[in-house]
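Next comes query-v6.cif, a file with mmCIF, C-alpha atoms.
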```cif
data_input
loop_
_atom_site.label_atom_id
_atom_site.label_comp_id
_atom_site.auth_asym_id
_atom_site.auth_seq_id
_atom_site.Cartn_x
_atom_site.Cartn_y
_atom_site.Cartn_z
CA MET A 47 30.97 -7.95 16.74
CA THR A 48 30.81 -7.87 12.95
CA VAL A 49 27.30 -8.20 11.53
CA LYS A 50 27.05 -10.63 8.63
CA LYS A 51 25.48 -8.77 5.73
CA ILE A 52 22.55 -10.14 3.72
CA ARG A 53 23.24 -9.04 0.13
CA THR A 54 19.90 -7.79 -1.16
CA LEU A 55 18.52 -6.80 -4.58
CA LEU A 56 15.35 -4.73 -5.04
CA ILE A 57 13.22 -5.27 -8.17
CA ASP A 58 10.27 -3.03 -9.04
CA ASP A 59 9.22 -0.99 -12.09
CA GLU A 60 7.93 1.85 -9.87
CA PRO A 61 10.76 4.26 -8.88
CA LEU A 62 8.86 5.54 -5.84
CA ALA A 63 8.29 2.00 -4.57
CA LEU A 64 12.00 1.22 -4.95
CA SER A 65 13.01 4.41 -3.17
CA GLY A 66 10.58 3.85 -0.31
CA LEU A 67 11.68 0.27 0.26
CA GLU A 68 15.34 1.24 0.10
CA ILE A 69 14.82 3.92 2.78
CA ARG A 70 13.02 1.50 5.11
CA LEU A 71 15.66 -1.19 4.70
CA ARG A 72 18.38 1.23 5.85
CA GLU A 73 17.13 0.62 9.39
CA TYR A 74 18.50 -2.93 9.26
CA ASP A 75 22.25 -3.20 9.83
CA ASP A 76 22.44 -6.67 8.29
CA ILE A 77 20.66 -5.76 5.01
CA ALA A 78 23.15 -4.64 2.35
CA ILE A 79 21.40 -3.36 -0.78
CA ILE A 80 23.65 -4.23 -3.72
CA GLY A 81 21.43 -2.73 -6.40
CA THR A 82 17.99 -2.11 -7.84
CA CYS A 83 16.28 -3.25 -11.05
CA ALA A 84 13.38 -1.67 -12.93
CA ASN A 85 12.29 -4.74 -14.92
CA GLY A 86 12.43 -8.52 -14.99
CA ARG A 87 15.09 -8.95 -17.66
CA GLU A 88 17.47 -6.60 -15.89
CA ALA A 89 16.77 -8.51 -12.68
CA ILE A 90 17.71 -11.87 -14.21
CA ARG A 91 21.02 -10.52 -15.47
CA LYS A 92 21.87 -8.89 -12.13
CA ILE A 93 20.88 -11.94 -10.07
CA ARG A 94 23.17 -14.10 -12.20
CA ALA A 95 26.02 -11.61 -11.95
CA GLU A 96 25.73 -10.53 -8.30
CA ARG A 97 24.32 -13.67 -6.62
CA PRO A 98 22.32 -11.87 -3.91
CA ALA A 99 21.11 -13.79 -0.86
CA LEU A 100 17.72 -12.03 -0.89
CA ILE A 101 15.51 -10.31 -3.45
CA PHE A 102 12.43 -8.15 -3.01
CA LEU A 103 10.47 -8.91 -6.19
CA ASP A 104 7.48 -7.02 -7.59
CA ILE A 105 5.04 -9.35 -9.35
CA GLN A 106 3.12 -7.03 -11.61
CA MET A 107 5.79 -5.60 -13.90
CA PRO A 108 5.14 -5.07 -17.62
CA GLY A 109 6.66 -7.62 -20.00
CA PHE A 110 8.77 -10.02 -17.94
CA ASP A 111 6.90 -10.09 -14.61
CA GLY A 112 7.99 -11.42 -11.23
CA PHE A 113 6.77 -14.95 -11.92
CA SER A 114 8.74 -14.99 -15.19
CA VAL A 115 11.90 -14.02 -13.33
CA ILE A 116 11.57 -17.05 -11.05
CA LYS A 117 10.78 -19.36 -13.97
CA ALA A 118 13.83 -18.16 -15.90
CA LEU A 119 16.08 -18.93 -12.93
CA ALA A 120 14.43 -22.25 -12.08
CA ARG A 121 17.52 -24.30 -12.97
CA GLU A 122 19.88 -22.09 -11.03
CA GLU A 123 20.55 -21.11 -7.43
CA ILE A 124 17.74 -18.70 -6.57
CA PRO A 125 17.98 -16.24 -3.68
CA LEU A 126 15.36 -16.03 -0.97
CA VAL A 127 12.32 -14.27 -2.45
CA ILE A 128 10.03 -11.73 -0.80
CA PHE A 129 7.20 -10.78 -3.14
CA ALA A 130 5.73 -7.31 -3.25
CA THR A 131 2.20 -7.73 -4.50
CA ALA A 132 -1.30 -6.40 -4.82
CA PHE A 133 -2.51 -9.88 -5.85
CA ASP A 134 -5.73 -11.62 -4.85
CA GLN A 135 -6.32 -13.82 -1.82
CA TYR A 136 -5.64 -17.04 -3.75
CA ALA A 137 -2.12 -15.97 -4.52
CA ILE A 138 -1.51 -14.55 -1.07
CA LYS A 139 -2.33 -17.89 0.60
CA ALA A 140 0.02 -19.61 -1.80
CA PHE A 141 2.84 -17.17 -1.10
CA GLU A 142 2.43 -17.79 2.60
CA ALA A 143 3.06 -21.48 2.03
CA HIS A 144 5.82 -21.25 -0.57
CA ALA A 145 7.62 -17.93 -0.86
CA GLN A 146 9.86 -16.72 1.94
CA ASP A 147 7.24 -14.01 2.49
CA TYR A 148 5.00 -11.54 0.68
CA LEU A 149 4.34 -7.85 1.29
CA LEU A 150 1.20 -6.05 0.21
CA LYS A 151 1.68 -2.63 -1.31
CA PRO A 152 1.94 -0.08 0.16
CA ILE A 153 4.40 -1.91 2.37
CA ASP A 154 3.65 -1.79 6.08
CA LYS A 155 6.63 -1.16 8.38
CA ASP A 156 5.68 -3.91 10.84
CA ARG A 157 5.12 -6.48 8.07
CA LEU A 158 8.51 -5.63 6.60
CA HIS A 159 10.09 -6.26 10.00
CA GLU A 160 8.38 -9.66 10.22
CA ALA A 161 9.68 -10.53 6.75
CA ILE A 162 13.26 -9.65 7.70
CA ILE A 163 13.02 -11.85 10.79
CA LYS A 164 11.90 -14.76 8.59
CA VAL A 165 14.82 -14.17 6.23
CA ARG A 166 17.32 -14.24 9.08
CA GLN A 167 15.83 -17.48 10.35
CA ALA A 168 15.87 -19.09 6.90
CA ILE A 169 19.51 -18.20 6.38
CA GLN A 170 20.44 -19.49 9.82
CA GLU A 171 18.58 -22.76 9.23
CA GLN A 172 19.81 -23.04 5.63
CA ILE A 173 16.39 -23.89 4.22
CA THR A 174 16.70 -21.78 1.06
CA ILE A 175 16.97 -24.67 -1.40
CA GLU A 176 13.86 -26.49 -0.19
CA GLN A 177 11.90 -23.24 0.06
CA ASN A 178 12.68 -22.24 -3.51
CA ALA A 179 12.00 -25.67 -4.95
CA ARG A 180 8.45 -25.45 -3.61
CA LEU A 181 8.14 -21.85 -4.84
CA ILE A 182 8.99 -22.85 -8.42
CA THR A 183 6.50 -25.70 -8.28
CA LEU A 184 3.85 -23.26 -7.11
CA ILE A 185 4.50 -20.67 -9.82
CA ARG A 186 4.34 -23.26 -12.55
CA SER A 187 0.93 -24.29 -11.28
CA LEU A 188 -0.52 -20.78 -11.43
CA ASP A 189 -1.76 -21.19 -14.98
CA SER A 190 -5.29 -20.50 -16.10
CA PRO A 191 -6.83 -22.84 -15.23
CA PRO A 192 -4.27 -23.96 -12.64
CA THR A 193 -2.76 -27.39 -13.24
CA LEU A 194 -2.90 -28.15 -9.52
CA GLU A 195 -5.34 -27.18 -6.81
CA LEU A 196 -3.85 -24.94 -4.15
CA SER A 197 -4.41 -27.56 -1.45
CA GLU A 198 -2.53 -30.12 -3.54
CA ILE A 199 0.43 -27.78 -3.94
CA ILE A 200 0.62 -26.88 -0.28
CA ASN A 201 0.32 -30.44 0.96
CA SER A 202 2.43 -32.17 -1.68
CA GLN A 203 6.03 -33.06 -0.89
CA ASP A 204 6.67 -34.40 -4.38
CA LEU A 205 8.79 -31.96 -6.39
CA GLY A 206 9.12 -34.27 -9.38
CA LEU A 207 7.76 -31.60 -11.72
CA GLU A 208 11.16 -29.94 -11.57
CA ASN A 209 12.99 -33.00 -12.83
CA GLN A 210 11.29 -33.73 -16.13
CA TYR A 211 13.54 -31.46 -18.23
CA GLU A 212 17.28 -31.51 -18.78
CA THR A 213 19.46 -29.34 -16.55
CA HIS A 214 22.72 -30.44 -18.22
CA LEU A 215 23.63 -31.81 -21.64
CA HIS A 216 26.65 -34.01 -22.28
CA ILE A 217 28.45 -33.07 -25.49
CA LYS A 218 30.93 -35.59 -26.89
CA ASP A 219 33.62 -34.26 -29.22
CA ARG A 220 36.71 -36.23 -30.29
CA GLY A 221 36.64 -38.38 -27.19
CA GLN A 222 36.11 -35.49 -24.80
CA ILE A 223 32.80 -34.97 -22.98
CA THR A 224 31.64 -31.47 -22.05
CA ARG A 225 28.93 -31.09 -19.41
CA LEU A 226 26.92 -28.09 -20.56
CA VAL A 227 24.61 -26.25 -18.15
CA VAL A 228 21.33 -25.86 -20.05
CA ALA A 229 20.52 -22.47 -18.48
CA THR A 230 23.65 -20.97 -20.09
CA ILE A 231 22.45 -21.76 -23.63
CA GLU A 232 21.38 -18.63 -25.53
CA TRP A 233 19.99 -20.28 -28.64
CA ILE A 234 20.04 -23.49 -30.61
CA ASP A 235 19.88 -23.90 -34.37
CA ALA A 236 19.53 -27.00 -36.48
CA ALA A 237 21.97 -28.37 -39.06
CA GLY A 238 20.32 -31.53 -40.38
CA ASP A 239 20.31 -34.10 -37.57
CA TYR A 240 22.74 -32.01 -35.54
CA MET A 241 22.09 -29.15 -33.13
CA CYS A 242 24.38 -26.15 -32.71
CA LEU A 243 24.15 -25.02 -29.08
CA HIS A 244 25.40 -21.48 -28.49
CA ALA A 245 26.42 -20.78 -24.89
CA GLU A 246 28.83 -18.30 -23.29
CA GLY A 247 30.56 -17.45 -26.54
CA LYS A 248 31.07 -21.07 -27.63
CA THR A 249 29.23 -23.35 -30.05
CA HIS A 250 28.70 -27.01 -29.13
CA ILE A 251 27.54 -29.65 -31.61
CA LEU A 252 25.10 -32.36 -30.50
CA ARG A 253 23.56 -35.10 -32.61
CA GLU A 254 19.84 -34.63 -32.06
CA THR A 255 16.70 -33.66 -33.97
CA MET A 256 14.92 -30.37 -33.38
CA LYS A 257 11.74 -32.19 -32.31
CA ASN A 258 13.51 -34.27 -29.66
CA MET A 259 15.60 -31.35 -28.46
CA ALA A 260 12.46 -29.29 -27.86
CA LYS A 261 11.04 -32.11 -25.71
CA ARG A 262 14.16 -32.19 -23.54
CA LEU A 263 14.09 -28.48 -22.68
CA ASP A 264 11.84 -26.60 -20.27
CA PRO A 265 9.24 -24.72 -22.38
CA GLU A 266 9.05 -22.02 -19.73
CA LEU A 267 12.61 -21.10 -20.70
CA PHE A 268 13.15 -22.39 -24.25
CA GLN A 269 10.82 -21.66 -27.18
CA ARG A 270 10.99 -22.23 -30.92
CA VAL A 271 10.97 -18.97 -32.87
CA HIS A 272 11.67 -20.61 -36.22
CA ARG A 273 11.41 -24.15 -37.58
CA SER A 274 15.18 -24.46 -37.11
CA THR A 275 15.77 -22.22 -34.07
CA ILE A 276 15.11 -22.51 -30.33
CA VAL A 277 15.83 -19.49 -28.11
CA ASN A 278 16.33 -19.08 -24.38
CA ILE A 279 13.74 -16.35 -23.75
CA SER A 280 15.49 -15.16 -20.58
CA LYS A 281 18.47 -14.15 -22.77
CA VAL A 282 16.42 -11.85 -25.01
CA THR A 283 17.14 -8.14 -24.50
CA GLU A 284 15.32 -6.55 -27.45
CA LEU A 285 12.48 -7.23 -29.90
CA GLN A 286 12.13 -5.30 -33.17
CA PRO A 287 9.66 -5.64 -36.07
CA THR A 288 11.12 -6.24 -39.52
CA SER A 289 9.61 -6.51 -42.98
CA GLY A 290 7.02 -9.10 -43.96
CA GLY A 291 5.43 -9.34 -40.52
CA LYS A 292 8.56 -10.84 -38.97
CA TYR A 293 10.42 -9.84 -35.83
CA GLN A 294 14.07 -9.80 -34.82
CA LEU A 295 15.31 -10.78 -31.37
CA THR A 296 18.54 -9.44 -29.90
CA LEU A 297 20.21 -11.61 -27.27
CA GLU A 298 22.52 -10.71 -24.39
CA SER A 299 25.57 -11.63 -26.49
CA GLY A 300 24.46 -9.30 -29.29
CA ALA A 301 23.34 -12.17 -31.53
CA LYS A 302 20.24 -11.44 -33.62
CA LEU A 303 17.59 -14.05 -34.50
CA GLN A 304 14.51 -13.94 -36.70
CA VAL A 305 11.05 -14.90 -35.44
CA SER A 306 9.13 -16.41 -38.35
CA ARG A 307 5.46 -15.68 -38.98
CA ASN A 308 4.53 -19.25 -37.97
CA TYR A 309 5.86 -18.64 -34.47
CA ARG A 310 4.52 -15.14 -33.87
CA ASP A 311 2.42 -16.36 -30.93
CA ILE A 312 5.65 -16.59 -28.94
CA LEU A 313 5.91 -12.79 -29.10
CA ALA A 314 3.44 -12.59 -26.22
CA ARG A 315 6.31 -13.70 -23.97
CA PHE A 316 8.14 -10.47 -24.76
CA LEU A 317 5.33 -7.90 -25.08
#
```
Produce structure tokens that represent the structure in this file.
Amino acid sequence: MTVKKIRTLLIDDEPLALSGLEIRLREYDDIAIIGTCANGREAIRKIRAERPALIFLDIQMPGFDGFSVIKALAREEIPLVIFATAFDQYAIKAFEAHAQDYLLKPIDKDRLHEAIIKVRQAIQEQITIEQNARLITLIRSLDSPPTLELSEIINSQDLGLENQYETHLHIKDRGQITRLVVATIEWIDAAGDYMCLHAEGKTHILRETMKNMAKRLDPELFQRVHRSTIVNISKVTELQPTSGGKYQLTLESGAKLQVSRNYRDILARFL
């Protein structure tokens, strides 16, 4: 009988942790490791390209941490998530309720086995979508101070927080309407009362003001870096200082954008 493989991606900035987890997962015939990632930005790109069914995700990575990975993929199909964490008890209780599972480092062999059993059950019962919707709601509440009490998050069935921002934009051009997936947008720049939306090598023109456009987009993913530029922070691959206290962002497509001095506080997202 052919075993159906669970395509799995491992994400951790510690090489020894990656190696150890990979060795332990070899014991499971149905776990197929399709790759590893050493940071959050690499993870986002590989998740989008490979579409794994399961990810083991370290939380405490420098720069783009595990929470940021989930936020960046919030509008897309997210795999089942098993967190690897050394977090406090507050977070652990939350992960129990919302993530597929969590593993404390160093990872215990028996706990890993329990996590794999849960994954198999989730896939069989096809509960991934509901599980991840609650996970995203949880992560967005883990601010300081949190916007929701833990008990409210666990008990609430209302996922309306995920619906307040646009997931698609409808672009009308010469009688034709293009339905643009917001998560594919790399950056947006203003041209008067029009917005130029750059996505997947194409530029779409939408009649809208910068102020209103910013309100329509999820601030966890889209941030203004200039008075006339909004960038998808999950698409940023490099940050370099330039003259006059400014910085230059390099995006996945190779495009380069300036961060003005007035928006330097956004740099914390990348440092």
Please give the centre and size of the box around stretch 216-222 of chain A (axis-aligned, containing every atom listed in the file, 8 Å added per side), with values in Å to one decimal and written as AutoDock Vina command-line options.
```
--center_x 31.7 --center_y -35.7 --center_z -26.3 --size_x 26.1 --size_y 21.3 --size_z 24.0
```
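Taking atom CA of A:Ile153 as the reference point, atom CA of A:Ile93 is found at 23.0 Å.
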Residue contacts of A:Lys281 (10 Å, all atoms listed in the file) excluding same-chain residues fewer than 4 positions away, as a PDB file with C-alpha atoms, in the coordinates of the input:
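Contents of out-v1.pdb, freshly written:
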```
ATOM      1  CA  ARG A  87      15.090  -8.950 -17.660  1.00  0.00           C
ATOM      2  CA  ILE A  90      17.710 -11.870 -14.210  1.00  0.00           C
ATOM      3  CA  ARG A  91      21.020 -10.520 -15.470  1.00  0.00           C
ATOM      4  CA  ALA A 118      13.830 -18.160 -15.900  1.00  0.00           C
ATOM      5  CA  ALA A 229      20.520 -22.470 -18.480  1.00  0.00           C
ATOM      6  CA  THR A 230      23.650 -20.970 -20.090  1.00  0.00           C
ATOM      7  CA  ILE A 231      22.450 -21.760 -23.630  1.00  0.00           C
ATOM      8  CA  GLU A 232      21.380 -18.630 -25.530  1.00  0.00           C
ATOM      9  CA  TRP A 233      19.990 -20.280 -28.640  1.00  0.00           C
ATOM     10  CA  LEU A 267      12.610 -21.100 -20.700  1.00  0.00           C
ATOM     11  CA  PHE A 268      13.150 -22.390 -24.250  1.00  0.00           C
ATOM     12  CA  VAL A 277      15.830 -19.490 -28.110  1.00  0.00           C
ATOM     13  CA  LEU A 295      15.310 -10.780 -31.370  1.00  0.00           C
ATOM     14  CA  THR A 296      18.540  -9.440 -29.900  1.00  0.00           C
ATOM     15  CA  LEU A 297      20.210 -11.610 -27.270  1.00  0.00           C
ATOM     16  CA  GLU A 298      22.520 -10.710 -24.390  1.00  0.00           C
ATOM     17  CA  SER A 299      25.570 -11.630 -26.490  1.00  0.00           C
TER      18      SER A 299
END
```
### Message
What does the structure give for the distance between atom CA of A:Leu119 and atom CA of A:Leu252, in Å to one decimal?
### Response
23.9 Å
### Task
Pick out the closest residue to A:Asp235 from this set: A:His250, A:Gly221, A:Gln294, A:Gly112. Count only C-alpha atoms.
A:His250
### Query
For the point (8.4, -19.3, -28.8) in file coordinates, what residues are within 12 Å, counting only C-alpha atoms? Give the answer as a ChimeraX atom specification?
/A:233,260,264-280,282,293,295,304-316
Name the residues captured by the PyMOL selection byres ((chain A and resi 56) around 7) when it is applied to the shown file; answer as a short mmCIF file (atom, residue, chain, number, x, y, z; two decimals) with C-alpha atoms, in the coordinates of the input.
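Result file follows (expr_3.cif):
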```cif
data_model
loop_
_atom_site.label_atom_id
_atom_site.label_comp_id
_atom_site.auth_asym_id
_atom_site.auth_seq_id
_atom_site.Cartn_x
_atom_site.Cartn_y
_atom_site.Cartn_z
CA THR A 54 19.90 -7.79 -1.16
CA LEU A 55 18.52 -6.80 -4.58
CA ILE A 57 13.22 -5.27 -8.17
CA ASP A 58 10.27 -3.03 -9.04
CA LEU A 64 12.00 1.22 -4.95
CA GLY A 81 21.43 -2.73 -6.40
CA THR A 82 17.99 -2.11 -7.84
CA CYS A 83 16.28 -3.25 -11.05
CA ILE A 101 15.51 -10.31 -3.45
CA PHE A 102 12.43 -8.15 -3.01
CA LEU A 103 10.47 -8.91 -6.19
#
```
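Residues lying within 9 Å of stretch 159-169 of chain A, counting all atoms listed in the file and ignoring same-chain neighbours fewer than 5 positions away, are Ile52, Tyr74, Ile77, Ala99, Leu100, Leu126, Ile128, Gln146, Asp147, Tyr148, Leu149, Asp154, Thr174 and Gln177 of chain A.
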